[in-house]
Amino acid sequence: MRACFVALQDFEHALDPAAPCGDAIADAYLDRMFSRCTTWAGRVFVAEVDGAVAGFVCVWGRVPPQEPDEPQADYAYVSDLVVLARWRRRGLGRALLQRAEAYARALGMGAIGIGVMAENREALALYDADGYRPVHVELRKTLA
Ligand SMILES: CC(C)(COP(=O)(O)OP(=O)(O)OC[C@H]1O[C@@H](n2cnc3c(N)ncnc32)[C@H](O)[C@@H]1OP(=O)(O)O)[C@@H](O)C(=O)NCCC(=O)NCCS
């Protein structure tokens, strides 16, 4: 799982070099991810190929609204989804996402969210094909 997280973060680092590399933050990040699983009924589902972890999804099952101006209902949130490069395009990413959704439905959640970098075309294609629509767009301007 750690190797999968490092691959995910390094992928995002390649899209945004200001983001840290995976190995530098993996332990702290995964500690925080599991701690939020405890707080928000989270689960991690792994995809295995030949007995080894090929990818994982982490879904926080019941997240309360974080801000007063948000919709005031608990929701599920996919914090991380990754498939190792050599196992991509075989349906594992979609299967993991659908497993996270099934878990959220079983908890009675009415909506599930996910964050994605604007340049991450592969992930955006998956989310769009599976019915996810943009709700909030975050912009950044580089200052000289
Ligand atoms: C995004 C990711 C999890 C997809 O995993 P995957 O196992 O390759 O996905 P699947 O094989 O289940 O493909 C599902 C759909 O994703 C889209 N997709 C995946 N890879 C794609 C690519 N290279 N180009 C275009 N569309 C792509 C397609 O819509 C595909 O459906 P289709 O095969 O019916 O056309 C994987 O590419 C990954 O780990 N990327 C790096 C980490 C990352 O970006 N994680 C998401 C962070 S928000």
# chains A, B, ... in the order shown; residues from 1 in each chain; ligands from 1
>>> residues_near_ligand(ligand="ligand 1", cutoff="10 Å", atoms="only C-alpha atoms and all ligand atoms", output="mmCIF file with all heavy atoms, in the first residue's frame")
data_model
loop_
_atom_site.group_PDB
_atom_site.id
_atom_site.type_symbol
_atom_site.label_atom_id
_atom_site.label_comp_id
_atom_site.auth_asym_id
_atom_site.auth_seq_id
_atom_site.Cartn_x
_atom_site.Cartn_y
_atom_site.Cartn_z
ATOM 1 N N CYS A 4 2.006 1.911 -3.405
ATOM 2 C CA CYS A 4 0.920 2.465 -4.228
ATOM 3 C C CYS A 4 0.748 3.954 -3.942
ATOM 4 O O CYS A 4 0.578 4.758 -4.868
ATOM 5 C CB CYS A 4 -0.385 1.729 -3.939
ATOM 6 S SG CYS A 4 -0.420 0.045 -4.546
ATOM 7 N N PHE A 5 0.792 4.311 -2.644
ATOM 8 C CA PHE A 5 0.640 5.736 -2.334
ATOM 9 C C PHE A 5 1.784 6.544 -2.940
ATOM 10 O O PHE A 5 1.571 7.628 -3.507
ATOM 11 C CB PHE A 5 0.572 5.996 -0.818
ATOM 12 C CG PHE A 5 0.648 7.469 -0.551
ATOM 13 C CD1 PHE A 5 -0.429 8.295 -0.799
ATOM 14 C CD2 PHE A 5 1.859 8.056 -0.163
ATOM 15 C CE1 PHE A 5 -0.335 9.676 -0.653
ATOM 16 C CE2 PHE A 5 1.962 9.433 -0.015
ATOM 17 C CZ PHE A 5 0.866 10.245 -0.251
ATOM 18 N N VAL A 6 3.010 6.008 -2.840
ATOM 19 C CA VAL A 6 4.159 6.727 -3.412
ATOM 20 C C VAL A 6 3.955 6.942 -4.916
ATOM 21 O O VAL A 6 4.209 8.020 -5.451
ATOM 22 C CB VAL A 6 5.473 5.980 -3.104
ATOM 23 C CG1 VAL A 6 6.638 6.563 -3.893
ATOM 24 C CG2 VAL A 6 5.772 6.019 -1.603
ATOM 25 N N ALA A 7 3.441 5.907 -5.594
ATOM 26 C CA ALA A 7 3.181 6.037 -7.041
ATOM 27 C C ALA A 7 2.136 7.119 -7.307
ATOM 28 O O ALA A 7 2.274 7.920 -8.239
ATOM 29 C CB ALA A 7 2.716 4.691 -7.597
ATOM 30 N N LEU A 8 1.099 7.142 -6.496
ATOM 31 C CA LEU A 8 0.043 8.157 -6.658
ATOM 32 C C LEU A 8 0.603 9.564 -6.463
ATOM 33 O O LEU A 8 0.392 10.471 -7.284
ATOM 34 C CB LEU A 8 -1.080 7.876 -5.649
ATOM 35 C CG LEU A 8 -2.113 8.968 -5.394
ATOM 36 C CD1 LEU A 8 -2.848 9.348 -6.668
ATOM 37 C CD2 LEU A 8 -3.124 8.497 -4.343
ATOM 38 N N GLN A 9 1.345 9.736 -5.374
ATOM 39 C CA GLN A 9 1.855 11.085 -5.072
ATOM 40 C C GLN A 9 2.907 11.516 -6.099
ATOM 41 O O GLN A 9 2.951 12.677 -6.512
ATOM 42 C CB GLN A 9 2.427 11.103 -3.646
ATOM 43 C CG GLN A 9 2.928 12.468 -3.201
ATOM 44 C CD GLN A 9 1.832 13.526 -3.112
ATOM 45 O OE1 GLN A 9 0.656 13.208 -2.942
ATOM 46 N NE2 GLN A 9 2.214 14.788 -3.250
ATOM 47 N N ASP A 10 3.736 10.564 -6.534
ATOM 48 C CA ASP A 10 4.746 10.914 -7.555
ATOM 49 C C ASP A 10 4.072 11.288 -8.879
ATOM 50 O O ASP A 10 4.553 12.159 -9.608
ATOM 51 C CB ASP A 10 5.736 9.762 -7.750
ATOM 52 C CG ASP A 10 6.730 9.654 -6.597
ATOM 53 O OD1 ASP A 10 6.790 10.586 -5.764
ATOM 54 O OD2 ASP A 10 7.433 8.633 -6.518
ATOM 55 N N PHE A 11 2.961 10.632 -9.161
ATOM 56 C CA PHE A 11 2.193 10.980 -10.367
ATOM 57 C C PHE A 11 1.690 12.428 -10.243
ATOM 58 O O PHE A 11 1.798 13.224 -11.190
ATOM 59 C CB PHE A 11 1.019 10.008 -10.507
ATOM 60 C CG PHE A 11 0.191 10.239 -11.732
ATOM 61 C CD1 PHE A 11 0.536 9.671 -12.949
ATOM 62 C CD2 PHE A 11 -0.956 11.027 -11.675
ATOM 63 C CE1 PHE A 11 -0.231 9.894 -14.087
ATOM 64 C CE2 PHE A 11 -1.730 11.249 -12.803
ATOM 65 C CZ PHE A 11 -1.369 10.683 -14.012
ATOM 66 N N GLU A 12 1.182 12.785 -9.080
ATOM 67 C CA GLU A 12 0.669 14.149 -8.892
ATOM 68 C C GLU A 12 1.815 15.154 -8.859
ATOM 69 O O GLU A 12 1.681 16.283 -9.350
ATOM 70 C CB GLU A 12 -0.200 14.211 -7.636
ATOM 71 C CG GLU A 12 -1.433 13.307 -7.793
ATOM 72 C CD GLU A 12 -2.550 13.571 -6.810
ATOM 73 O OE1 GLU A 12 -2.274 14.138 -5.730
ATOM 74 O OE2 GLU A 12 -3.709 13.192 -7.120
ATOM 75 N N LEU A 15 2.622 16.190 -12.253
ATOM 76 C CA LEU A 15 1.678 17.178 -12.784
ATOM 77 C C LEU A 15 1.888 18.549 -12.153
ATOM 78 O O LEU A 15 1.647 19.582 -12.778
ATOM 79 C CB LEU A 15 0.234 16.725 -12.544
ATOM 80 C CG LEU A 15 -0.223 15.457 -13.273
ATOM 81 C CD1 LEU A 15 -1.670 15.116 -12.894
ATOM 82 C CD2 LEU A 15 -0.106 15.615 -14.792
ATOM 83 N N ALA A 47 -6.814 -3.919 -4.427
ATOM 84 C CA ALA A 47 -6.884 -4.840 -5.570
ATOM 85 C C ALA A 47 -5.614 -5.679 -5.523
ATOM 86 O O ALA A 47 -4.511 -5.131 -5.408
ATOM 87 C CB ALA A 47 -6.945 -4.042 -6.874
ATOM 88 N N ALA A 54 -1.996 -4.376 -6.060
ATOM 89 C CA ALA A 54 -1.824 -3.679 -7.340
ATOM 90 C C ALA A 54 -2.444 -2.292 -7.305
ATOM 91 O O ALA A 54 -2.199 -1.477 -8.211
ATOM 92 C CB ALA A 54 -2.465 -4.495 -8.460
ATOM 93 N N GLY A 55 -3.225 -2.015 -6.281
ATOM 94 C CA GLY A 55 -3.856 -0.702 -6.173
ATOM 95 C C GLY A 55 -4.757 -0.674 -4.958
ATOM 96 O O GLY A 55 -5.007 -1.715 -4.331
ATOM 97 N N PHE A 56 -5.219 0.517 -4.614
ATOM 98 C CA PHE A 56 -6.163 0.611 -3.492
ATOM 99 C C PHE A 56 -7.040 1.833 -3.650
ATOM 100 O O PHE A 56 -6.727 2.768 -4.395
ATOM 101 C CB PHE A 56 -5.439 0.626 -2.140
ATOM 102 C CG PHE A 56 -4.801 1.943 -1.748
ATOM 103 C CD1 PHE A 56 -5.531 2.931 -1.085
ATOM 104 C CD2 PHE A 56 -3.467 2.201 -2.030
ATOM 105 C CE1 PHE A 56 -4.939 4.137 -0.721
ATOM 106 C CE2 PHE A 56 -2.867 3.401 -1.662
ATOM 107 C CZ PHE A 56 -3.607 4.369 -1.005
ATOM 108 N N VAL A 57 -8.164 1.777 -2.944
ATOM 109 C CA VAL A 57 -9.020 2.949 -2.798
ATOM 110 C C VAL A 57 -9.273 3.137 -1.309
ATOM 111 O O VAL A 57 -9.456 2.166 -0.578
ATOM 112 C CB VAL A 57 -10.353 2.780 -3.573
ATOM 113 C CG1 VAL A 57 -11.206 1.653 -3.033
ATOM 114 C CG2 VAL A 57 -11.145 4.084 -3.588
ATOM 115 N N VAL A 78 -13.984 9.772 -1.491
ATOM 116 C CA VAL A 78 -12.840 8.945 -1.892
ATOM 117 C C VAL A 78 -11.589 9.790 -1.722
ATOM 118 O O VAL A 78 -11.380 10.768 -2.455
ATOM 119 C CB VAL A 78 -12.988 8.478 -3.353
ATOM 120 C CG1 VAL A 78 -11.726 7.758 -3.821
ATOM 121 C CG2 VAL A 78 -14.205 7.568 -3.493
ATOM 122 N N SER A 79 -10.775 9.438 -0.736
ATOM 123 C CA SER A 79 -9.582 10.267 -0.479
ATOM 124 C C SER A 79 -8.442 9.886 -1.410
ATOM 125 O O SER A 79 -7.614 10.741 -1.749
ATOM 126 C CB SER A 79 -9.133 10.132 0.976
ATOM 127 O OG SER A 79 -8.575 8.853 1.216
ATOM 128 N N ASP A 80 -8.366 8.625 -1.817
ATOM 129 C CA ASP A 80 -7.237 8.151 -2.629
ATOM 130 C C ASP A 80 -7.687 6.988 -3.490
ATOM 131 O O ASP A 80 -8.392 6.093 -3.016
ATOM 132 C CB ASP A 80 -6.092 7.660 -1.724
ATOM 133 C CG ASP A 80 -5.519 8.769 -0.875
ATOM 134 O OD1 ASP A 80 -4.594 9.447 -1.322
ATOM 135 O OD2 ASP A 80 -6.062 8.980 0.240
ATOM 136 N N LEU A 81 -7.227 7.005 -4.725
ATOM 137 C CA LEU A 81 -7.452 5.879 -5.639
ATOM 138 C C LEU A 81 -6.210 5.761 -6.500
ATOM 139 O O LEU A 81 -5.771 6.753 -7.100
ATOM 140 C CB LEU A 81 -8.671 6.144 -6.533
ATOM 141 C CG LEU A 81 -8.874 5.152 -7.689
ATOM 142 C CD1 LEU A 81 -9.236 3.760 -7.169
ATOM 143 C CD2 LEU A 81 -9.978 5.648 -8.631
ATOM 144 N N VAL A 82 -5.655 4.580 -6.564
ATOM 145 C CA VAL A 82 -4.462 4.386 -7.401
ATOM 146 C C VAL A 82 -4.359 2.926 -7.821
ATOM 147 O O VAL A 82 -4.720 2.019 -7.076
ATOM 148 C CB VAL A 82 -3.178 4.843 -6.661
ATOM 149 C CG1 VAL A 82 -2.977 4.080 -5.363
ATOM 150 C CG2 VAL A 82 -1.948 4.705 -7.560
ATOM 151 N N VAL A 83 -3.872 2.747 -9.039
ATOM 152 C CA VAL A 83 -3.499 1.414 -9.538
ATOM 153 C C VAL A 83 -2.060 1.537 -10.022
ATOM 154 O O VAL A 83 -1.717 2.512 -10.729
ATOM 155 C CB VAL A 83 -4.435 0.978 -10.691
ATOM 156 C CG1 VAL A 83 -3.940 -0.311 -11.339
ATOM 157 C CG2 VAL A 83 -5.867 0.818 -10.183
ATOM 158 N N LEU A 84 -1.211 0.611 -9.641
ATOM 159 C CA LEU A 84 0.188 0.658 -10.084
ATOM 160 C C LEU A 84 0.250 0.625 -11.609
ATOM 161 O O LEU A 84 -0.544 -0.065 -12.267
ATOM 162 C CB LEU A 84 0.972 -0.512 -9.498
ATOM 163 C CG LEU A 84 1.217 -0.458 -7.987
ATOM 164 C CD1 LEU A 84 1.933 -1.728 -7.522
ATOM 165 C CD2 LEU A 84 2.020 0.784 -7.586
ATOM 166 N N ALA A 85 1.218 1.340 -12.180
ATOM 167 C CA ALA A 85 1.254 1.577 -13.631
ATOM 168 C C ALA A 85 1.148 0.281 -14.434
ATOM 169 O O ALA A 85 0.443 0.231 -15.447
ATOM 170 C CB ALA A 85 2.529 2.340 -13.994
ATOM 171 N N ARG A 86 1.814 -0.775 -13.969
ATOM 172 C CA ARG A 86 1.828 -1.982 -14.812
ATOM 173 C C ARG A 86 0.488 -2.701 -14.839
ATOM 174 O O ARG A 86 0.290 -3.599 -15.664
ATOM 175 C CB ARG A 86 2.947 -2.922 -14.385
ATOM 176 C CG ARG A 86 2.831 -3.533 -13.016
ATOM 177 C CD ARG A 86 4.064 -4.391 -12.729
ATOM 178 N NE ARG A 86 4.154 -4.818 -11.348
ATOM 179 C CZ ARG A 86 4.610 -4.069 -10.359
ATOM 180 N NH1 ARG A 86 5.003 -2.827 -10.589
ATOM 181 N NH2 ARG A 86 4.660 -4.538 -9.125
ATOM 182 N N TRP A 87 -0.432 -2.326 -13.953
ATOM 183 C CA TRP A 87 -1.730 -3.003 -13.914
ATOM 184 C C TRP A 87 -2.864 -2.112 -14.405
ATOM 185 O O TRP A 87 -4.039 -2.455 -14.257
ATOM 186 C CB TRP A 87 -2.041 -3.491 -12.486
ATOM 187 C CG TRP A 87 -1.002 -4.422 -11.951
ATOM 188 C CD1 TRP A 87 -0.186 -4.209 -10.884
ATOM 189 C CD2 TRP A 87 -0.666 -5.718 -12.455
ATOM 190 N NE1 TRP A 87 0.645 -5.277 -10.693
ATOM 191 C CE2 TRP A 87 0.373 -6.230 -11.643
ATOM 192 C CE3 TRP A 87 -1.130 -6.499 -13.516
ATOM 193 C CZ2 TRP A 87 0.951 -7.478 -11.867
ATOM 194 C CZ3 TRP A 87 -0.561 -7.742 -13.731
ATOM 195 C CH2 TRP A 87 0.466 -8.214 -12.908
ATOM 196 N N ARG A 88 -2.518 -0.957 -14.978
ATOM 197 C CA ARG A 88 -3.581 -0.044 -15.419
ATOM 198 C C ARG A 88 -4.250 -0.537 -16.698
ATOM 199 O O ARG A 88 -3.712 -1.353 -17.424
ATOM 200 C CB ARG A 88 -3.007 1.369 -15.625
ATOM 201 C CG ARG A 88 -2.733 2.035 -14.290
ATOM 202 C CD ARG A 88 -2.160 3.444 -14.409
ATOM 203 N NE ARG A 88 -1.573 3.804 -13.102
ATOM 204 C CZ ARG A 88 -0.627 4.696 -12.909
ATOM 205 N NH1 ARG A 88 -0.147 5.384 -13.922
ATOM 206 N NH2 ARG A 88 -0.170 4.925 -11.690
ATOM 207 N N ARG A 89 -5.403 0.030 -16.985
ATOM 208 C CA ARG A 89 -6.218 -0.263 -18.186
ATOM 209 C C ARG A 89 -6.695 -1.707 -18.220
ATOM 210 O O ARG A 89 -6.853 -2.292 -19.274
ATOM 211 C CB ARG A 89 -5.453 0.065 -19.475
ATOM 212 C CG ARG A 89 -5.108 1.517 -19.699
ATOM 213 C CD ARG A 89 -6.191 2.537 -19.534
ATOM 214 N NE ARG A 89 -7.462 2.389 -20.178
ATOM 215 C CZ ARG A 89 -7.878 3.075 -21.221
ATOM 216 N NH1 ARG A 89 -7.095 3.934 -21.785
ATOM 217 N NH2 ARG A 89 -9.090 2.915 -21.685
ATOM 218 N N ARG A 90 -6.906 -2.293 -17.049
ATOM 219 C CA ARG A 90 -7.462 -3.655 -16.982
ATOM 220 C C ARG A 90 -8.749 -3.670 -16.157
ATOM 221 O O ARG A 90 -9.223 -4.737 -15.761
ATOM 222 C CB ARG A 90 -6.468 -4.599 -16.308
ATOM 223 C CG ARG A 90 -5.180 -4.773 -17.083
ATOM 224 C CD ARG A 90 -4.094 -5.325 -16.166
ATOM 225 N NE ARG A 90 -2.800 -5.277 -16.835
ATOM 226 C CZ ARG A 90 -2.074 -6.345 -17.142
ATOM 227 N NH1 ARG A 90 -2.495 -7.531 -16.823
ATOM 228 N NH2 ARG A 90 -0.917 -6.207 -17.750
ATOM 229 N N GLY A 91 -9.263 -2.501 -15.838
ATOM 230 C CA GLY A 91 -10.527 -2.444 -15.103
ATOM 231 C C GLY A 91 -10.398 -2.368 -13.595
ATOM 232 O O GLY A 91 -11.404 -2.293 -12.886
ATOM 233 N N LEU A 92 -9.158 -2.364 -13.079
ATOM 234 C CA LEU A 92 -9.012 -2.365 -11.614
ATOM 235 C C LEU A 92 -9.451 -1.035 -11.000
ATOM 236 O O LEU A 92 -10.087 -1.014 -9.931
ATOM 237 C CB LEU A 92 -7.558 -2.663 -11.220
ATOM 238 C CG LEU A 92 -7.054 -4.078 -11.532
ATOM 239 C CD1 LEU A 92 -5.590 -4.224 -11.134
ATOM 240 C CD2 LEU A 92 -7.900 -5.126 -10.807
ATOM 241 N N GLY A 93 -9.095 0.072 -11.648
ATOM 242 C CA GLY A 93 -9.461 1.385 -11.100
ATOM 243 C C GLY A 93 -10.967 1.527 -10.990
ATOM 244 O O GLY A 93 -11.494 1.938 -9.938
ATOM 245 N N ARG A 94 -11.659 1.141 -12.046
ATOM 246 C CA ARG A 94 -13.135 1.218 -12.012
ATOM 247 C C ARG A 94 -13.703 0.274 -10.950
ATOM 248 O O ARG A 94 -14.635 0.623 -10.226
ATOM 249 C CB ARG A 94 -13.696 0.896 -13.385
ATOM 250 C CG ARG A 94 -15.211 0.835 -13.391
ATOM 251 C CD ARG A 94 -15.774 0.771 -14.785
ATOM 252 N NE ARG A 94 -15.761 2.061 -15.435
ATOM 253 C CZ ARG A 94 -15.321 2.288 -16.670
ATOM 254 N NH1 ARG A 94 -14.843 1.298 -17.388
ATOM 255 N NH2 ARG A 94 -15.366 3.489 -17.175
ATOM 256 N N ALA A 95 -13.144 -0.921 -10.855
ATOM 257 C CA ALA A 95 -13.647 -1.887 -9.862
ATOM 258 C C ALA A 95 -13.448 -1.345 -8.445
ATOM 259 O O ALA A 95 -14.328 -1.481 -7.584
ATOM 260 C CB ALA A 95 -12.937 -3.227 -10.036
ATOM 261 N N LEU A 96 -12.309 -0.717 -8.191
ATOM 262 C CA LEU A 96 -12.065 -0.145 -6.857
ATOM 263 C C LEU A 96 -13.049 0.984 -6.566
ATOM 264 O O LEU A 96 -13.613 1.082 -5.466
ATOM 265 C CB LEU A 96 -10.622 0.366 -6.764
ATOM 266 C CG LEU A 96 -9.540 -0.718 -6.631
ATOM 267 C CD1 LEU A 96 -8.156 -0.129 -6.912
ATOM 268 C CD2 LEU A 96 -9.572 -1.363 -5.237
ATOM 269 N N LEU A 97 -13.260 1.836 -7.564
ATOM 270 C CA LEU A 97 -14.195 2.952 -7.369
ATOM 271 C C LEU A 97 -15.594 2.430 -7.088
ATOM 272 O O LEU A 97 -16.297 2.921 -6.190
ATOM 273 C CB LEU A 97 -14.178 3.830 -8.626
ATOM 274 C CG LEU A 97 -14.937 5.154 -8.553
ATOM 275 C CD1 LEU A 97 -14.394 6.051 -7.447
ATOM 276 C CD2 LEU A 97 -14.864 5.878 -9.908
ATOM 277 N N GLN A 98 -15.992 1.411 -7.825
ATOM 278 C CA GLN A 98 -17.337 0.857 -7.625
ATOM 279 C C GLN A 98 -17.458 0.176 -6.262
ATOM 280 O O GLN A 98 -18.511 0.206 -5.627
ATOM 281 C CB GLN A 98 -17.692 -0.088 -8.777
ATOM 282 C CG GLN A 98 -17.895 0.705 -10.070
ATOM 283 C CD GLN A 98 -18.204 -0.146 -11.292
ATOM 284 O OE1 GLN A 98 -18.077 -1.372 -11.258
ATOM 285 N NE2 GLN A 98 -18.577 0.504 -12.379
ATOM 286 N N ILE A 114 -15.002 13.195 -4.714
ATOM 287 C CA ILE A 114 -13.599 12.868 -4.966
ATOM 288 C C ILE A 114 -12.921 14.120 -5.490
ATOM 289 O O ILE A 114 -13.544 14.916 -6.203
ATOM 290 C CB ILE A 114 -13.498 11.693 -5.970
ATOM 291 C CG1 ILE A 114 -12.087 11.128 -6.031
ATOM 292 C CG2 ILE A 114 -13.970 12.083 -7.365
ATOM 293 C CD1 ILE A 114 -12.013 9.758 -6.679
ATOM 294 N N GLY A 115 -11.659 14.317 -5.137
ATOM 295 C CA GLY A 115 -10.892 15.457 -5.657
ATOM 296 C C GLY A 115 -9.922 14.966 -6.721
ATOM 297 O O GLY A 115 -9.398 13.856 -6.619
ATOM 298 N N VAL A 116 -9.688 15.777 -7.724
ATOM 299 C CA VAL A 116 -8.789 15.346 -8.803
ATOM 300 C C VAL A 116 -8.082 16.562 -9.382
ATOM 301 O O VAL A 116 -8.674 17.646 -9.468
ATOM 302 C CB VAL A 116 -9.571 14.569 -9.894
ATOM 303 C CG1 VAL A 116 -10.657 15.418 -10.526
ATOM 304 C CG2 VAL A 116 -8.630 14.015 -10.969
ATOM 305 N N MET A 117 -6.830 16.390 -9.750
ATOM 306 C CA MET A 117 -6.100 17.490 -10.367
ATOM 307 C C MET A 117 -6.637 17.732 -11.780
ATOM 308 O O MET A 117 -6.945 16.788 -12.517
ATOM 309 C CB MET A 117 -4.606 17.178 -10.400
ATOM 310 C CG MET A 117 -4.018 17.122 -8.989
ATOM 311 S SD MET A 117 -2.289 16.646 -8.984
ATOM 312 C CE MET A 117 -1.547 18.175 -9.527
ATOM 313 N N ALA A 118 -6.702 19.005 -12.156
ATOM 314 C CA ALA A 118 -7.336 19.373 -13.430
ATOM 315 C C ALA A 118 -6.641 18.739 -14.625
ATOM 316 O O ALA A 118 -7.268 18.495 -15.654
ATOM 317 C CB ALA A 118 -7.361 20.892 -13.568
ATOM 318 N N GLU A 119 -5.341 18.453 -14.510
ATOM 319 C CA GLU A 119 -4.595 17.897 -15.653
ATOM 320 C C GLU A 119 -4.558 16.371 -15.661
ATOM 321 O O GLU A 119 -3.911 15.773 -16.519
ATOM 322 C CB GLU A 119 -3.163 18.443 -15.653
ATOM 323 C CG GLU A 119 -3.115 19.913 -16.009
ATOM 324 C CD GLU A 119 -1.680 20.438 -16.061
ATOM 325 O OE1 GLU A 119 -0.762 19.655 -16.345
ATOM 326 O OE2 GLU A 119 -1.514 21.624 -15.789
ATOM 327 N N ASN A 120 -5.231 15.751 -14.696
ATOM 328 C CA ASN A 120 -5.195 14.288 -14.604
ATOM 329 C C ASN A 120 -6.261 13.690 -15.536
ATOM 330 O O ASN A 120 -7.358 13.305 -15.124
ATOM 331 C CB ASN A 120 -5.429 13.856 -13.155
ATOM 332 C CG ASN A 120 -5.161 12.381 -12.950
ATOM 333 O OD1 ASN A 120 -5.109 11.610 -13.909
ATOM 334 N ND2 ASN A 120 -5.001 11.977 -11.700
ATOM 335 N N ARG A 121 -5.917 13.600 -16.805
ATOM 336 C CA ARG A 121 -6.894 13.217 -17.829
ATOM 337 C C ARG A 121 -7.426 11.804 -17.651
ATOM 338 O O ARG A 121 -8.603 11.540 -17.866
ATOM 339 C CB ARG A 121 -6.285 13.379 -19.227
ATOM 340 C CG ARG A 121 -6.220 14.835 -19.677
ATOM 341 C CD ARG A 121 -5.810 14.915 -21.128
ATOM 342 N NE ARG A 121 -4.439 14.425 -21.304
ATOM 343 C CZ ARG A 121 -3.368 15.224 -21.321
ATOM 344 N NH1 ARG A 121 -3.519 16.523 -21.227
ATOM 345 N NH2 ARG A 121 -2.158 14.728 -21.457
ATOM 346 N N GLU A 122 -6.543 10.866 -17.253
ATOM 347 C CA GLU A 122 -6.981 9.475 -17.113
ATOM 348 C C GLU A 122 -8.047 9.363 -16.014
ATOM 349 O O GLU A 122 -9.099 8.742 -16.209
ATOM 350 C CB GLU A 122 -5.806 8.553 -16.763
ATOM 351 C CG GLU A 122 -4.730 8.490 -17.827
ATOM 352 C CD GLU A 122 -3.672 9.573 -17.672
ATOM 353 O OE1 GLU A 122 -3.851 10.492 -16.833
ATOM 354 O OE2 GLU A 122 -2.661 9.506 -18.400
ATOM 355 N N ALA A 123 -7.737 9.968 -14.865
ATOM 356 C CA ALA A 123 -8.687 9.884 -13.755
ATOM 357 C C ALA A 123 -9.976 10.637 -14.100
ATOM 358 O O ALA A 123 -11.084 10.137 -13.829
ATOM 359 C CB ALA A 123 -8.057 10.449 -12.482
ATOM 360 N N LEU A 124 -9.853 11.795 -14.720
ATOM 361 C CA LEU A 124 -11.061 12.552 -15.086
ATOM 362 C C LEU A 124 -11.934 11.749 -16.044
ATOM 363 O O LEU A 124 -13.168 11.775 -15.940
ATOM 364 C CB LEU A 124 -10.671 13.891 -15.714
ATOM 365 C CG LEU A 124 -10.288 14.983 -14.705
ATOM 366 C CD1 LEU A 124 -9.584 16.136 -15.422
ATOM 367 C CD2 LEU A 124 -11.512 15.486 -13.960
ATOM 368 N N ALA A 125 -11.300 11.012 -16.969
ATOM 369 C CA ALA A 125 -12.079 10.205 -17.913
ATOM 370 C C ALA A 125 -12.850 9.117 -17.167
ATOM 371 O O ALA A 125 -14.029 8.856 -17.456
ATOM 372 C CB ALA A 125 -11.155 9.587 -18.965
ATOM 373 N N LEU A 126 -12.190 8.492 -16.204
ATOM 374 C CA LEU A 126 -12.872 7.463 -15.405
ATOM 375 C C LEU A 126 -14.052 8.064 -14.647
ATOM 376 O O LEU A 126 -15.167 7.544 -14.684
ATOM 377 C CB LEU A 126 -11.875 6.821 -14.432
ATOM 378 C CG LEU A 126 -12.453 5.950 -13.311
ATOM 379 C CD1 LEU A 126 -13.273 4.789 -13.872
ATOM 380 C CD2 LEU A 126 -11.339 5.412 -12.417
ATOM 381 N N TYR A 127 -13.808 9.181 -13.958
ATOM 382 C CA TYR A 127 -14.870 9.748 -13.118
ATOM 383 C C TYR A 127 -16.040 10.229 -13.972
ATOM 384 O O TYR A 127 -17.203 10.014 -13.631
ATOM 385 C CB TYR A 127 -14.324 10.898 -12.261
ATOM 386 C CG TYR A 127 -13.156 10.480 -11.388
ATOM 387 C CD1 TYR A 127 -12.125 11.358 -11.074
ATOM 388 C CD2 TYR A 127 -13.075 9.183 -10.887
ATOM 389 C CE1 TYR A 127 -11.051 10.964 -10.302
ATOM 390 C CE2 TYR A 127 -11.999 8.782 -10.103
ATOM 391 C CZ TYR A 127 -10.986 9.680 -9.819
ATOM 392 O OH TYR A 127 -9.929 9.278 -9.053
ATOM 393 N N ASP A 128 -15.726 10.846 -15.104
ATOM 394 C CA ASP A 128 -16.803 11.323 -15.970
ATOM 395 C C ASP A 128 -17.622 10.136 -16.497
ATOM 396 O O ASP A 128 -18.855 10.161 -16.468
ATOM 397 C CB ASP A 128 -16.214 12.129 -17.134
ATOM 398 C CG ASP A 128 -17.303 12.679 -18.025
ATOM 399 O OD1 ASP A 128 -18.083 13.524 -17.550
ATOM 400 O OD2 ASP A 128 -17.402 12.234 -19.181
ATOM 401 N N ALA A 129 -16.927 9.096 -16.944
ATOM 402 C CA ALA A 129 -17.637 7.927 -17.486
ATOM 403 C C ALA A 129 -18.497 7.260 -16.424
ATOM 404 O O ALA A 129 -19.520 6.652 -16.737
ATOM 405 C CB ALA A 129 -16.631 6.923 -18.059
ATOM 406 N N ASP A 130 -18.086 7.386 -15.151
ATOM 407 C CA ASP A 130 -18.830 6.732 -14.077
ATOM 408 C C ASP A 130 -19.800 7.671 -13.366
ATOM 409 O O ASP A 130 -20.305 7.349 -12.290
ATOM 410 C CB ASP A 130 -17.863 6.069 -13.091
ATOM 411 C CG ASP A 130 -17.378 4.723 -13.635
ATOM 412 O OD1 ASP A 130 -17.388 4.541 -14.874
ATOM 413 O OD2 ASP A 130 -17.003 3.848 -12.832
#
>>> atom_distance(atom1="atom CA of A:Pro17", atom2="atom CA of A:Gly42")
29.3 Å
>>> select_by_dssp(residues="chain A", states="alpha helix (DSSP H)", output="PyMOL selection string")
chain A and resi 2-15+22-39+92-106+121-129
>>> residues_around(residues="A:Trp40", least_positions_apart="5", cutoff="12 Å", atoms="only C-alpha atoms", output="PyMOL selection string")
chain A and resi 32-35+58-65+74-79+104+107
>>> atom_distance(atom1="atom CA of A:Tyr132", atom2="atom CA of A:Ala111")
10.1 Å
>>> closest_residue(among="A:Arg36, A:Lys141, A:Val46, A:Asp31", to="A:Met1", atoms="only C-alpha atoms")
A:Val46
>>> select_by_dssp(residues="stretch 51-89 of chain A", states="strand (DSSP E or B)", output="ChimeraX atom specification")
/A:52-63,75-83
>>> atom_distance(atom1="atom CA of A:His136", atom2="atom CA of A:Asp69")
12.7 Å
>>> closest_residue(among="A:Ala3, A:Arg140, A:Val44, A:Val49", to="A:Ile25", atoms="only C-alpha atoms")
A:Ala3
